[in-house]
Structures are given as structure tokens and as C-alpha cells.
Amino acid sequence: TAIKYYDDQKLADAHVISTLGLDDDDIQSIKQIKDVDGFYAGYSADLFLDVKQGADNIVKTMSIDTSLLGTDDKNNINKPVLIKGRYPTSANECLIDNSKYINDFKLGDKITLTTNDKDRDINDILNEDTFTIVGIVNSPLFVNFKRGNTKIGNREIMYFVMLPQEAYSYKTYTDVYLTLTGARGLNPYEDNYKNYIDGKIKEFNQIKLDKCFYNNLNEAEFYKNILLNTAAHNDLDADIFKKEAERTITLLKFLRNKLNKLKNNKDKEWNFQS
């Protein structure tokens, strides 16, 4: 069943993301939240991948801790399912999505990743840009053909690529995935799971976040985006999406007002409120 698959692969109950980075203080704050069990802090980036005849595909790159792959460690969250090949053993090897585009690739192929942006160097994201495909995988994060949208190119993400954590050059983390002890044994499609996650959303929103100002305060945007995803993330019912969207809109309005009030007092700490 789908629920057993999610449990076996340790699908995250929570996903904390930040476009400008989660530093060590943020990580420690998240770890203090009650019921945190499995914990993985890593990186992600939407990039272009050079393919046949110079065409560019948009891919989501995600970091993996290669030391945990194939283990039952509680921190081995969102465990990929190896379909063919092997796991990476060096920083210049990768796993590729078993997507509808998989026939464009084979084991041993080298892929090159780029930002396609003259103002953004790939070395700001990755230590190197070329990787050898050593494995083909499925991920519990994606249970259908859709891989989400991206701001780069205003297009859909075509597939994902998993890179060893040490392949990234980021100074701070972009993603934290969590499993929660209170979610064990709960059906992710039933109200008791959804109510539990809603309670965790409120708790996450109380985390103190420093460095909330970026460049011009009048144009500052909320960059510590905290998202909690239930079940298969992209396979939720419309009501859940609606509630998440309404909550996000309310929070963004609150943050805009808060930023304006604090524009002359940059050092003041503040908390999220839902």
C-alpha cells in the first residue's frame, strides 16, 4: 500500500526550506521542537541540465548523505529506491530520476549542470558541474510524473537529480527534512494525522528567526519559508492545498507589516505567528 511505502522509505512529515539559508542556530532551534525523530539537513537547487542538441532541461537537484544510503538509520529520510546501478561513492557521481525521460540517459553518462544565468555562477551552488550517473532511482517525494514548478525559466521541473552532500558549495543549509514521533502509526490521509501536523505548523511558526532583513527593507521578502508537507507532498487533496495557501497568504501579510514596523530596529528578535 501507499502508506506502507511511505513508512518503509521514511517519507518526511515536515520540510523546512529557506532560500537564503538555515545556519547552525536555525538548525539547533528546529532540533528543539518536540517530537522530532529523524532529522536531515541538506541542500537543493533548481538548475539547467544540458542535453541533446544543446537543449536545456530544468531539474531539481537534491543532496543525499551517501553514508546513510541503504541503511535503516532514522535520519535516512526520503530513502530513494534504487532501480538500477549503485549508490554514489564520490562527490562527482549522481543518481537520476526514474522519470518518463529516463530513456534519454544510461548508466555511465556524464551530465553537466548550469545556472544559465550570467549573474549566477554554478560554483556558488556546486563545487563542480559535471557528474557521472551511477544509479537510477524512485523517490517517495514524487509519486506521479509531476515534479513541481520552478521560478527559473518559469517552467516545470522535468526530473530530479540526487547529488552527494559534499558536491554543494553552499555555506548554509537550504532544506531540513523531519520525521515526527507523534505521526507514527497515523494514516496520512485521515484527520488525526492532519490535525497533528496542523499543531506542528503552529509550533514551527513560533521558532525565533534572526537575520530577517535582507537588503532594502521596503522590498524585503519573507525568506525563511517553513512548509509542512503531509503524505506524498504532491498528492494531497485540494482542501489541504487551500488551507496551506490561505495560511501562507496570512503569514506573508503579517510579515510585511512586521518588517515595516521594525525597519528602524534591525536587531529586535521576533517570532512567527500564524
# chains A, B, ... in the order shown; residues from 1 in each chain; ligands from 1
$ residues_around --residues "A:Pro164" --least-positions-apart "4" --cutoff "6 Å" --atoms "only C-alpha atoms" --output "ChimeraX atom specification"
/A:63-64,91
$ select_by_dssp --residues "stretch 28-140 of chain A" --states "strand (DSSP E)" --output "JSON, numbers by chain"
{"A": [36, 37, 38, 39, 40, 41, 42, 44, 45, 46, 47, 48, 49, 50, 56, 57, 58, 59, 60, 61, 62, 63, 64, 81, 82, 83, 84, 85, 93, 94, 95, 96, 97, 110, 111, 112, 113, 114, 130, 131, 132, 133, 134, 135, 136, 137, 138]}
$ closest_residue --among "A:Asp97, A:Asp25, A:Asp73, A:Asp35" --to "A:Arg147" --atoms "only C-alpha atoms"
A:Asp97
$ closest_residue --among "A:Glu128, A:Glu203, A:Asp56, A:Asp65" --to "A:Met158" --atoms "only C-alpha atoms"
A:Asp56
$ atom_distance --atom1 "atom CA of A:Gly182" --atom2 "atom CA of A:Ile17"
21.4 Å
$ atom_distance --atom1 "atom CA of A:Asp121" --atom2 "atom CA of A:Ile27"
26.6 Å
$ closest_residue --among "A:Glu166, A:Asp198, A:Asp37, A:Asp23" --to "A:Thr66" --atoms "only C-alpha atoms"
A:Glu166
$ closest_residue --among "A:Tyr6, A:Tyr173, A:Tyr159, A:Phe142" --to "A:Asn187" --atoms "only C-alpha atoms"
A:Tyr6
$ select_by_dssp --residues "stretch 20-175 of chain A" --states "alpha helix (DSSP H)" --output "list in words"
Asp24, Asp25, Asp26, Ile27, Gln28, Ser29, Ile30 and Lys31 of chain A
$ closest_residue --among "A:Ile96, A:Leu47, A:Leu255, A:Ile102" --to "A:Ile125" --atoms "only C-alpha atoms"
A:Leu47
$ residues_around --residues "A:Lys200" --least-positions-apart "2" --cutoff "10 Å" --atoms "only C-alpha atoms" --output "PDB file with C-alpha atoms, in the first residue's frame"
ATOM      1  CA  ASP A  13       6.467  14.542   7.886  1.00  0.00           C
ATOM      2  CA  ALA A  14       7.928  18.039   7.719  1.00  0.00           C
ATOM      3  CA  ILE A  33      10.941  21.100  18.610  1.00  0.00           C
ATOM      4  CA  LYS A  34       9.051  18.405  20.489  1.00  0.00           C
ATOM      5  CA  ASP A  35       8.569  15.061  18.736  1.00  0.00           C
ATOM      6  CA  LEU A 180       7.935  13.162  13.923  1.00  0.00           C
ATOM      7  CA  GLY A 182       3.694  11.647  17.015  1.00  0.00           C
ATOM      8  CA  LYS A 194      -3.727  16.312   9.561  1.00  0.00           C
ATOM      9  CA  ASN A 195      -4.655  17.730  12.972  1.00  0.00           C
ATOM     10  CA  TYR A 196      -1.325  16.640  14.407  1.00  0.00           C
ATOM     11  CA  ILE A 197       0.557  18.272  11.538  1.00  0.00           C
ATOM     12  CA  ASP A 198      -1.517  21.464  11.935  1.00  0.00           C
ATOM     13  CA  LYS A 202       1.838  26.325  14.868  1.00  0.00           C
ATOM     14  CA  GLU A 203       4.851  25.150  16.829  1.00  0.00           C
ATOM     15  CA  PHE A 204       7.181  25.730  13.873  1.00  0.00           C
ATOM     16  CA  ASN A 205       5.756  29.209  13.454  1.00  0.00           C
ATOM     17  CA  GLN A 206       6.930  30.082  16.969  1.00  0.00           C
ATOM     18  CA  LEU A 228       4.996  21.301   6.303  1.00  0.00           C
TER      19      LEU A 228
END
$ residues_around --residues "A:Pro140" --least-positions-apart "4" --cutoff "9 Å" --atoms "only C-alpha atoms" --output "NGL selection string"
:A and (5-6 or 9-11 or 78-81 or 232)
